[in-house]
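Here is data14.pdb, consisting of PDB, C-alpha atoms and all ligand atoms:
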```
ATOM      1  CA  HIS A   1     -51.152 -20.398   9.070  1.00  0.00           C
ATOM      2  CA  GLN A   2     -50.249 -21.829   5.662  1.00  0.00           C
ATOM      3  CA  THR A   3     -47.424 -24.325   5.323  1.00  0.00           C
ATOM      4  CA  VAL A   4     -45.310 -24.272   2.183  1.00  0.00           C
ATOM      5  CA  ASP A   5     -43.371 -27.368   1.274  1.00  0.00           C
ATOM      6  CA  PRO A   6     -39.631 -26.752   0.708  1.00  0.00           C
ATOM      7  CA  ALA A   7     -39.714 -27.800  -2.957  1.00  0.00           C
ATOM      8  CA  THR A   8     -42.394 -25.223  -3.797  1.00  0.00           C
ATOM      9  CA  ALA A   9     -40.547 -22.534  -1.905  1.00  0.00           C
ATOM     10  CA  GLU A  10     -37.346 -23.328  -3.746  1.00  0.00           C
ATOM     11  CA  ARG A  11     -39.075 -23.234  -7.126  1.00  0.00           C
ATOM     12  CA  ALA A  12     -40.631 -19.879  -6.265  1.00  0.00           C
ATOM     13  CA  ALA A  13     -37.266 -18.464  -5.242  1.00  0.00           C
ATOM     14  CA  LYS A  14     -35.657 -19.753  -8.421  1.00  0.00           C
ATOM     15  CA  SER A  15     -38.241 -18.247 -10.744  1.00  0.00           C
ATOM     16  CA  LEU A  16     -37.962 -14.965  -8.870  1.00  0.00           C
ATOM     17  CA  SER A  17     -34.218 -14.764  -9.259  1.00  0.00           C
ATOM     18  CA  THR A  18     -34.138 -15.791 -12.920  1.00  0.00           C
ATOM     19  CA  SER A  19     -36.954 -13.522 -13.979  1.00  0.00           C
ATOM     20  CA  SER A  20     -35.540 -10.511 -12.163  1.00  0.00           C
ATOM     21  CA  ALA A  21     -31.852 -11.066 -12.938  1.00  0.00           C
ATOM     22  CA  SER A  22     -31.911 -10.768 -16.717  1.00  0.00           C
ATOM     23  CA  PRO A  23     -33.835  -7.508 -17.149  1.00  0.00           C
ATOM     24  CA  LEU A  24     -32.163  -6.100 -14.056  1.00  0.00           C
ATOM     25  CA  GLU A  25     -28.881  -5.111 -15.570  1.00  0.00           C
ATOM     26  CA  LEU A  26     -27.131  -2.559 -13.472  1.00  0.00           C
ATOM     27  CA  LYS A  27     -25.573  -0.073 -15.822  1.00  0.00           C
ATOM     28  CA  CYS A  28     -22.972   2.428 -14.696  1.00  0.00           C
ATOM     29  CA  SER A  29     -24.096   5.866 -15.823  1.00  0.00           C
ATOM     30  CA  GLN A  30     -20.520   7.089 -15.962  1.00  0.00           C
ATOM     31  CA  CYS A  31     -18.828   4.484 -18.125  1.00  0.00           C
ATOM     32  CA  GLY A  32     -21.584   2.213 -19.392  1.00  0.00           C
ATOM     33  CA  ILE A  33     -20.271  -1.038 -17.905  1.00  0.00           C
ATOM     34  CA  THR A  34     -23.082  -3.360 -16.873  1.00  0.00           C
ATOM     35  CA  TYR A  35     -23.284  -5.611 -13.863  1.00  0.00           C
ATOM     36  CA  ARG A  36     -25.683  -8.272 -12.666  1.00  0.00           C
ATOM     37  CA  LYS A  37     -24.511  -8.477  -9.114  1.00  0.00           C
ATOM     38  CA  GLN A  38     -25.393  -5.554  -6.902  1.00  0.00           C
ATOM     39  CA  SER A  39     -22.244  -5.962  -4.797  1.00  0.00           C
ATOM     40  CA  ALA A  40     -19.922  -5.861  -7.825  1.00  0.00           C
ATOM     41  CA  PHE A  41     -21.824  -2.883  -9.194  1.00  0.00           C
ATOM     42  CA  ASP A  42     -21.564  -0.975  -5.905  1.00  0.00           C
ATOM     43  CA  LYS A  43     -17.856  -1.609  -5.767  1.00  0.00           C
ATOM     44  CA  HIS A  44     -17.429  -0.354  -9.321  1.00  0.00           C
ATOM     45  CA  VAL A  45     -19.428   2.818  -8.695  1.00  0.00           C
ATOM     46  CA  GLU A  46     -17.424   3.507  -5.583  1.00  0.00           C
ATOM     47  CA  ASN A  47     -14.268   3.579  -7.678  1.00  0.00           C
ATOM     48  CA  HIS A  48     -15.726   6.482  -9.654  1.00  0.00           C
ATOM     49  CA  THR A  49     -15.990   8.496  -6.468  1.00  0.00           C
ATOM     50  CA  ARG A  50     -12.354   7.816  -5.626  1.00  0.00           C
ATOM     51  CA  PRO A  51     -10.287   9.750  -8.115  1.00  0.00           C
ATOM     52  CA  PHE A  52      -6.964   9.315  -6.362  1.00  0.00           C
ATOM     53  CA  ILE A  53      -5.382   6.070  -7.447  1.00  0.00           C
ATOM     54  CA  CYS A  54      -2.148   5.029  -5.800  1.00  0.00           C
ATOM     55  CA  VAL A  55       0.955   6.210  -7.623  1.00  0.00           C
ATOM     56  CA  PHE A  56       2.257   2.643  -7.312  1.00  0.00           C
ATOM     57  CA  HIS A  57      -0.815   1.140  -8.952  1.00  0.00           C
ATOM     58  CA  TYR A  58       1.427  -0.230 -11.712  1.00  0.00           C
ATOM     59  CA  ALA A  59       3.409  -2.101  -9.063  1.00  0.00           C
ATOM     60  CA  GLY A  60       0.331  -3.852  -7.723  1.00  0.00           C
ATOM     61  CA  CYS A  61      -1.117  -1.434  -5.160  1.00  0.00           C
ATOM     62  CA  ASN A  62      -4.858  -1.137  -5.729  1.00  0.00           C
ATOM     63  CA  ARG A  63      -5.665   1.480  -3.130  1.00  0.00           C
ATOM     64  CA  THR A  64      -7.843   4.395  -4.204  1.00  0.00           C
ATOM     65  CA  PHE A  65      -8.777   7.479  -2.211  1.00  0.00           C
ATOM     66  CA  SER A  66     -11.528  10.049  -2.233  1.00  0.00           C
ATOM     67  CA  LYS A  67      -9.430  12.679  -0.505  1.00  0.00           C
ATOM     68  CA  LYS A  68      -6.157  14.056  -1.795  1.00  0.00           C
ATOM     69  CA  ASN A  69      -4.500  14.219   1.607  1.00  0.00           C
ATOM     70  CA  GLU A  70      -5.311  10.586   2.382  1.00  0.00           C
ATOM     71  CA  TRP A  71      -3.782   9.654  -0.951  1.00  0.00           C
ATOM     72  CA  LYS A  72      -0.621  11.644  -0.235  1.00  0.00           C
ATOM     73  CA  ARG A  73      -0.293  10.156   3.238  1.00  0.00           C
ATOM     74  CA  HIS A  74      -0.664   6.634   1.857  1.00  0.00           C
ATOM     75  CA  VAL A  75       2.014   7.137  -0.785  1.00  0.00           C
ATOM     76  CA  LEU A  76       4.451   8.695   1.659  1.00  0.00           C
ATOM     77  CA  ARG A  77       3.931   6.157   4.425  1.00  0.00           C
ATOM     78  CA  GLN A  78       3.554   2.988   2.418  1.00  0.00           C
ATOM     79  CA  HIS A  79       5.788   3.555  -0.555  1.00  0.00           C
ATOM     80  CA  ILE A  80       8.193   6.387   0.081  1.00  0.00           C
ATOM     81  CA  CYS A  81       8.905   5.520   3.734  1.00  0.00           C
ATOM     82  CA  LEU A  82      11.629   7.769   5.044  1.00  0.00           C
ATOM     83  CA  GLU A  83      12.123   5.741   8.189  1.00  0.00           C
ATOM     84  CA  TYR A  84      12.454   2.025   8.425  1.00  0.00           C
ATOM     85  CA  TYR A  85      14.054  -0.630  10.605  1.00  0.00           C
ATOM     86  CA  HIS A  86      16.775  -2.882   9.379  1.00  0.00           C
ATOM     87  CA  CYS A  87      17.400  -5.853  11.638  1.00  0.00           C
ATOM     88  CA  GLU A  88      21.005  -6.965  11.839  1.00  0.00           C
ATOM     89  CA  LEU A  89      20.672  -9.097  14.936  1.00  0.00           C
ATOM     90  CA  PRO A  90      21.931 -12.671  14.819  1.00  0.00           C
ATOM     91  CA  GLN A  91      19.420 -15.041  13.293  1.00  0.00           C
ATOM     92  CA  TYR A  92      18.745 -17.975  15.584  1.00  0.00           C
ATOM     93  CA  ALA A  93      17.616 -21.327  14.338  1.00  0.00           C
ATOM     94  CA  ALA A  94      14.271 -22.494  15.656  1.00  0.00           C
ATOM     95  CA  ALA A  95      15.893 -25.655  16.988  1.00  0.00           C
ATOM     96  CA  THR A  96      17.924 -23.716  19.517  1.00  0.00           C
ATOM     97  CA  GLN A  97      14.851 -22.126  21.054  1.00  0.00           C
ATOM     98  CA  SER A  98      14.384 -24.891  23.572  1.00  0.00           C
ATOM     99  CA  ALA A  99      18.039 -25.233  24.472  1.00  0.00           C
ATOM    100  CA  THR A 100      19.152 -23.589  27.687  1.00  0.00           C
ATOM    101  CA  THR A 101      22.378 -22.473  26.142  1.00  0.00           C
ATOM    102  CA  CYS A 102      23.336 -22.365  22.517  1.00  0.00           C
ATOM    103  CA  GLN A 103      26.563 -23.950  21.393  1.00  0.00           C
ATOM    104  CA  VAL A 104      26.663 -22.325  17.989  1.00  0.00           C
ATOM    105  CA  LYS A 105      29.462 -19.776  17.854  1.00  0.00           C
ATOM    106  CA  SER A 106      28.069 -17.393  15.272  1.00  0.00           C
ATOM    107  CA  HIS A 107      24.674 -16.818  13.746  1.00  0.00           C
ATOM    108  CA  PRO A 108      24.123 -15.097  10.404  1.00  0.00           C
ATOM    109  CA  ALA A 109      22.675 -11.579  10.477  1.00  0.00           C
ATOM    110  CA  CYS A 110      18.894 -11.419  10.135  1.00  0.00           C
ATOM    111  CA  GLY A 111      18.680  -8.757   7.402  1.00  0.00           C
ATOM    112  CA  LYS A 112      14.895  -8.240   7.555  1.00  0.00           C
ATOM    113  CA  THR A 113      13.492  -4.774   6.988  1.00  0.00           C
ATOM    114  CA  PHE A 114      10.411  -3.264   8.611  1.00  0.00           C
ATOM    115  CA  ARG A 115       8.455  -0.174   7.806  1.00  0.00           C
ATOM    116  CA  ARG A 116       6.641  -0.005  11.119  1.00  0.00           C
ATOM    117  CA  LYS A 117       8.145   0.348  14.566  1.00  0.00           C
ATOM    118  CA  ASP A 118       5.599  -1.942  16.214  1.00  0.00           C
ATOM    119  CA  LEU A 119       6.186  -4.715  13.674  1.00  0.00           C
ATOM    120  CA  HIS A 120       9.930  -4.459  14.169  1.00  0.00           C
ATOM    121  CA  ARG A 121       9.505  -4.600  17.941  1.00  0.00           C
ATOM    122  CA  GLU A 122       7.294  -7.659  17.601  1.00  0.00           C
ATOM    123  CA  HIS A 123       9.868  -9.269  15.319  1.00  0.00           C
ATOM    124  CA  VAL A 124      12.744  -8.624  17.738  1.00  0.00           C
ATOM    125  CA  ARG A 125      10.706 -10.025  20.585  1.00  0.00           C
ATOM    126  CA  ARG A 126       9.735 -13.121  18.685  1.00  0.00           C
ATOM    127  CA  MET A 127      12.926 -13.919  16.823  1.00  0.00           C
ATOM    128  CA  HIS A 128      15.781 -12.445  18.780  1.00  0.00           C
ATOM    129  CA  LEU A 129      14.887 -12.568  22.441  1.00  0.00           C
ATOM    130  CA  LEU A 130      15.021 -16.301  22.886  1.00  0.00           C
ATOM    131  CA  GLU A 131      15.732 -17.725  26.295  1.00  0.00           C
ATOM    132  CA  SER A 132      18.763 -19.549  24.995  1.00  0.00           C
ATOM    133  CA  HIS A 133      20.225 -16.310  23.671  1.00  0.00           C
ATOM    134  CA  GLN A 134      19.805 -13.817  26.478  1.00  0.00           C
ATOM    135  CA  GLU A 135      20.268 -10.387  25.039  1.00  0.00           C
ATOM    136  CA  PRO A 136      21.914  -7.938  27.375  1.00  0.00           C
ATOM    137  CA  GLN A 137      20.294  -4.870  25.776  1.00  0.00           C
ATOM    138  CA  PRO A 138      16.819  -3.464  26.320  1.00  0.00           C
ATOM    139  CA  ILE A 139      14.493  -3.704  23.318  1.00  0.00           C
ATOM    140  CA  ALA A 140      14.294   0.093  22.921  1.00  0.00           C
ATOM    141  CA  LYS A 141      18.026   0.254  22.363  1.00  0.00           C
ATOM    142  CA  MET A 142      17.863  -2.561  19.835  1.00  0.00           C
ATOM    143  CA  GLN A 143      15.177  -0.677  17.944  1.00  0.00           C
ATOM    144  CA  LYS A 144      17.225   2.501  17.973  1.00  0.00           C
ATOM    145  CA  GLN A 145      20.163   0.652  16.478  1.00  0.00           C
ATOM    146  CA  ALA A 146      18.005  -0.771  13.719  1.00  0.00           C
ATOM    147  CA  LEU A 147      16.437   2.552  12.749  1.00  0.00           C
ATOM    148  CA  ARG A 148      17.451   3.805   9.315  1.00  0.00           C
ATOM    149  CA  LYS A 149      16.558   7.184   7.907  1.00  0.00           C
ATOM    150  CA  ARG A 150      16.522   8.440   4.399  1.00  0.00           C
ATOM    151  CA  PHE A 151      17.245  12.124   4.312  1.00  0.00           C
ATOM    152  CA  GLN A 152      16.980  12.526   0.589  1.00  0.00           C
ATOM    153  CA  LEU A 153      13.628  12.671  -1.064  1.00  0.00           C
ATOM    154  CA  PRO A 154      13.605  12.330  -4.840  1.00  0.00           C
ATOM    155  CA  ARG A 155      14.825  15.660  -6.207  1.00  0.00           C
ATOM    156  CA  LYS A 156      13.763  15.484  -9.817  1.00  0.00           C
ATOM    157  CA  LEU A 157      10.409  14.198 -10.991  1.00  0.00           C
ATOM    158  CA  ALA A 158       8.562  14.464 -14.273  1.00  0.00           C
ATOM    159  CA  CYS A 159       4.796  14.541 -14.695  1.00  0.00           C
ATOM    160  CA  PRO A 160       3.669  11.073 -15.774  1.00  0.00           C
ATOM    161  CA  VAL A 161       1.139  12.418 -18.267  1.00  0.00           C
ATOM    162  CA  GLU A 162       2.372  11.990 -21.822  1.00  0.00           C
ATOM    163  CA  LEU A 163       1.444  15.423 -23.139  1.00  0.00           C
ATOM    164  CA  CYS A 164       2.379  17.333 -20.031  1.00  0.00           C
ATOM    165  CA  ASN A 165       5.962  18.515 -19.803  1.00  0.00           C
ATOM    166  CA  PHE A 166       6.137  19.606 -16.192  1.00  0.00           C
ATOM    167  CA  ILE A 167       9.367  18.780 -14.362  1.00  0.00           C
ATOM    168  CA  PHE A 168       9.781  19.201 -10.625  1.00  0.00           C
ATOM    169  CA  ASP A 169      13.159  19.984  -9.189  1.00  0.00           C
ATOM    170  CA  GLY A 170      14.660  20.493  -5.742  1.00  0.00           C
ATOM    171  CA  ASP A 171      13.744  19.839  -2.107  1.00  0.00           C
ATOM    172  CA  LYS A 172      10.006  20.137  -2.619  1.00  0.00           C
ATOM    173  CA  ALA A 173       9.924  18.142  -5.873  1.00  0.00           C
ATOM    174  CA  LEU A 174       7.898  15.249  -4.472  1.00  0.00           C
ATOM    175  CA  ASP A 175       5.229  17.391  -2.858  1.00  0.00           C
ATOM    176  CA  GLU A 176       4.889  19.601  -5.927  1.00  0.00           C
ATOM    177  CA  TRP A 177       4.769  16.535  -8.153  1.00  0.00           C
ATOM    178  CA  MET A 178       1.975  15.000  -6.061  1.00  0.00           C
ATOM    179  CA  GLU A 179      -0.061  18.213  -5.977  1.00  0.00           C
ATOM    180  CA  HIS A 180       0.304  18.435  -9.740  1.00  0.00           C
ATOM    181  CA  ALA A 181      -0.530  14.765 -10.331  1.00  0.00           C
ATOM    182  CA  ALA A 182      -3.592  15.223  -8.102  1.00  0.00           C
ATOM    183  CA  ARG A 183      -4.932  17.793 -10.573  1.00  0.00           C
ATOM    184  CA  HIS A 184      -4.507  15.304 -13.430  1.00  0.00           C
ATOM    185  CA  LEU A 185      -6.247  12.605 -11.402  1.00  0.00           C
ATOM    186  CA  ARG A 186      -9.193  14.913 -10.708  1.00  0.00           C
ATOM    187  CA  ALA A 187      -9.420  15.931 -14.364  1.00  0.00           C
ATOM    188  CA  ALA A 188      -9.247  12.288 -15.458  1.00  0.00           C
ATOM    189  CA  HIS A 189     -11.942  11.453 -12.967  1.00  0.00           C
ATOM    190  CA  ASP A 190     -14.155  14.162 -14.431  1.00  0.00           C
ATOM    191  CA  GLU A 191     -13.338  12.740 -17.877  1.00  0.00           C
ATOM    192  CA  LEU A 192     -11.680  15.946 -19.026  1.00  0.00           C
ATOM    193  CA  GLU A 193      -8.368  14.155 -19.488  1.00  0.00           C
ATOM    194  CA  PRO A 194      -7.310  10.570 -20.222  1.00  0.00           C
ATOM    195  CA  LYS A 195      -6.533   8.209 -17.373  1.00  0.00           C
ATOM    196  CA  VAL A 196      -3.256   8.937 -15.580  1.00  0.00           C
ATOM    197  CA  GLU A 197      -0.774   6.114 -16.021  1.00  0.00           C
ATOM    198  CA  PHE A 198       1.889   6.135 -13.338  1.00  0.00           C
ATOM    199  CA  GLY A 199       5.108   4.206 -13.680  1.00  0.00           C
ATOM    200  CA  GLY A 200       5.640   4.849 -17.363  1.00  0.00           C
ATOM    201  CA  SER A 201       8.940   5.793 -18.929  1.00  0.00           C
ATOM    202  CA  LYS A 202       8.584   9.457 -17.905  1.00  0.00           C
ATOM    203  CA  ASP A 203       7.864   8.414 -14.367  1.00  0.00           C
ATOM    204  CA  SER A 204      10.775   6.047 -13.813  1.00  0.00           C
ATOM    205  CA  CYS A 205      12.695   8.222 -11.330  1.00  0.00           C
ATOM    206  CA  LEU A 206      10.153   7.764  -8.559  1.00  0.00           C
ATOM    207  CA  ALA A 207       9.940   4.029  -9.147  1.00  0.00           C
ATOM    208  CA  LYS A 208      13.713   3.715  -8.992  1.00  0.00           C
ATOM    209  CA  TRP A 209      13.828   5.779  -5.857  1.00  0.00           C
ATOM    210  CA  ALA A 210      11.162   3.706  -4.121  1.00  0.00           C
ATOM    211  CA  GLU A 211      12.810   0.456  -5.140  1.00  0.00           C
ATOM    212  CA  SER A 212      16.173   1.473  -3.720  1.00  0.00           C
ATOM    213  CA  VAL A 213      14.954   0.147  -0.361  1.00  0.00           C
ATOM    214  CA  LYS A 214      13.130  -3.142  -0.176  1.00  0.00           C
ATOM    215  CA  VAL A 215      10.690  -2.914   2.674  1.00  0.00           C
TER     216      VAL A 215
HETATM  217 ZN    ZN B   1     -18.381   3.004 -14.328  1.00  0.00          ZN
HETATM  218 ZN    ZN B   2      -0.251   2.282  -2.666  1.00  0.00          ZN
HETATM  219 ZN    ZN B   3      22.240 -20.136  18.852  1.00  0.00          ZN
HETATM  220 ZN    ZN B   4      15.673  -9.878  12.776  1.00  0.00          ZN
HETATM  221 ZN    ZN B   5       1.250  17.189 -15.708  1.00  0.00          ZN
END
```
What is this structure when it is put down as structure tokens?
Amino acid sequence: HQTVDPATAERAAKSLSTSSASPLELKCSQCGITYRKQSAFDKHVENHTRPFICVFHYAGCNRTFSKKNEWKRHVLRQHICLEYYHCELPQYAAATQSATTCQVKSHPACGKTFRRKDLHREHVRRMHLLESHQEPQPIAKMQKQALRKRFQLPRKLACPVELCNFIFDGDKALDEWMEHAARHLRAAHDELEPKVEFGGSKDSCLAKWAESVKV
């Protein structure tokens, strides 16, 4: 068995990485961008296989999807949310947690909003069911009271693509708008059309609608 001293091994590794790194430029066949790191390259290529970018990309959401239905579900659940929980329970100060009884007469309303039922439940348990503030109601009832529903989906939406003049009106506007936008996203992905830019001036109605509730 041959023993290699660490310094020699290190030198060998170094020469290997430097000699292979420079000629080994990973070039994306679809857009020509080059990468040196395999991991970065893989991530980039994966984006090409995911044509459906989140409609709220402009607002900082970087999710992309390979399937249209996953994309629609994400937008509806994460950004459009028709149901949410608004907590109006009294907000207790942390200091009173250890007290057996609280002497404070009134606590300000909490005001926090939750998109998910389980997160709201967890919040109520953690922040509002303190021993010093025994709540007479069961948690299910408290959740029911906090539940808010939005019955109105956006009723008028314009296609975000500059040269496309489609307008969607009525009860099904959002679904029709998404199906339509999906076609643009696919075409852009196949490089038949320019990139779809959501959140532009034509697209402001959806943004306004989504921002009307801060969740
Ligand atoms: Zn590329
Ligand atoms: Zn998103
Ligand atoms: Zn208190
Ligand atoms: Zn709360
Ligand atoms: Zn269009």
Pairwise distance, atom CA of A:Cys81 with atom CA of A:Tyr58, equals 18.1 Å
Could you pull the residues within 10 Å of A:Lys117, counting all atoms listed in the file, minus those fewer than 3 positions along the same chain, as a ChimeraX atom specification?
-> /A:83-85,114,120-123,143-144,146-147
Neighbours of ligand ZN 2 (chain B) within 7 Å, counting only C-alpha atoms and all ligand atoms, as a list in words?
-> Cys54, Val55, Phe56, His57, Cys61, Asn62, Arg63, His74, Val75, Gln78 and His79 of chain A
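Across the model, the gap from atom CA of A:Val45 to atom CA of A:His180 is 25.2 Å.
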Run the PyMOL selection byres (((not hetatm)) within 8 of (chain B and resi 1)) against the file shown and list the residues it catches, as an MDAnalysis selection string.
-> chainID A and resid 27:33 44:45 47:48
Identify, on the basis of all atoms listed in the file, every residue whose closest approach to A:Arg150 does not exceed 7 Å; exclude the query and any residue fewer than 2 positions from it along the same chain; express the result as a ChimeraX atom specification.
-> /A:82-83,148,152
Residues at most 9 Å from A:Trp209, counting only C-alpha atoms, excluding those fewer than 5 positions away in the same chain, as an MDAnalysis selection string?
-> chainID A and resid 80 153:154 204
Shell around A:Lys202 at 9 Å using all atoms listed in the file, local window under 2 positions removed, as a ChimeraX atom specification = /A:157-162,198-200,204-205
What are the nearest atom pairs, with distances in Å to one decimal, for all residues of chain A that come at most 10 Å from ligand ZN 5 (chain B), using all atoms listed in the file, set out by chain and rising residue number as a Markdown table?
```
| residue | atom | partner | partner_atom | distance |
| --- | --- | --- | --- | --- |
| A:Ala158 | CA | B:ZN5 | ZN | 7.9 |
| A:Cys159 | CA | B:ZN5 | ZN | 4.5 |
| A:Pro160 | CA | B:ZN5 | ZN | 6.6 |
| A:Val161 | CA | B:ZN5 | ZN | 5.4 |
| A:Glu162 | CA | B:ZN5 | ZN | 8.1 |
| A:Leu163 | CA | B:ZN5 | ZN | 7.6 |
| A:Cys164 | CA | B:ZN5 | ZN | 4.5 |
| A:Asn165 | CA | B:ZN5 | ZN | 6.4 |
| A:Phe166 | CA | B:ZN5 | ZN | 5.5 |
| A:Ile167 | CA | B:ZN5 | ZN | 8.4 |
| A:Trp177 | CA | B:ZN5 | ZN | 8.4 |
| A:Met178 | CA | B:ZN5 | ZN | 9.9 |
| A:Glu179 | CA | B:ZN5 | ZN | 9.9 |
| A:His180 | CA | B:ZN5 | ZN | 6.2 |
| A:Ala181 | CA | B:ZN5 | ZN | 6.2 |
| A:Ala182 | CA | B:ZN5 | ZN | 9.2 |
| A:Arg183 | CA | B:ZN5 | ZN | 8.1 |
| A:His184 | CA | B:ZN5 | ZN | 6.5 |
| A:Leu185 | CA | B:ZN5 | ZN | 9.8 |
| A:Val196 | CA | B:ZN5 | ZN | 9.4 |
```
May I have the residues within 6 Å of ligand ZN 4 (chain B), computed using only C-alpha atoms and all ligand atoms, as a list in words?
->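 After applying the 6 Å limit, what remains is Cys87, Leu89, Cys110, Lys112 and Val124 of chain A.
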Edge lengths and centre in Å, axis-aligned, stretch 111-118 of chain A plus 4 Å each side, as AutoDock Vina command-line options:
```
--center_x 12.1 --center_y -4.2 --center_z 11.6 --size_x 21.1 --size_y 17.1 --size_z 17.2
```
In terms of all atoms listed in the file, the residue from A:Leu24, A:Met127, A:Ala59, A:Leu119 at minimal distance from A:Glu211 is A:Ala59
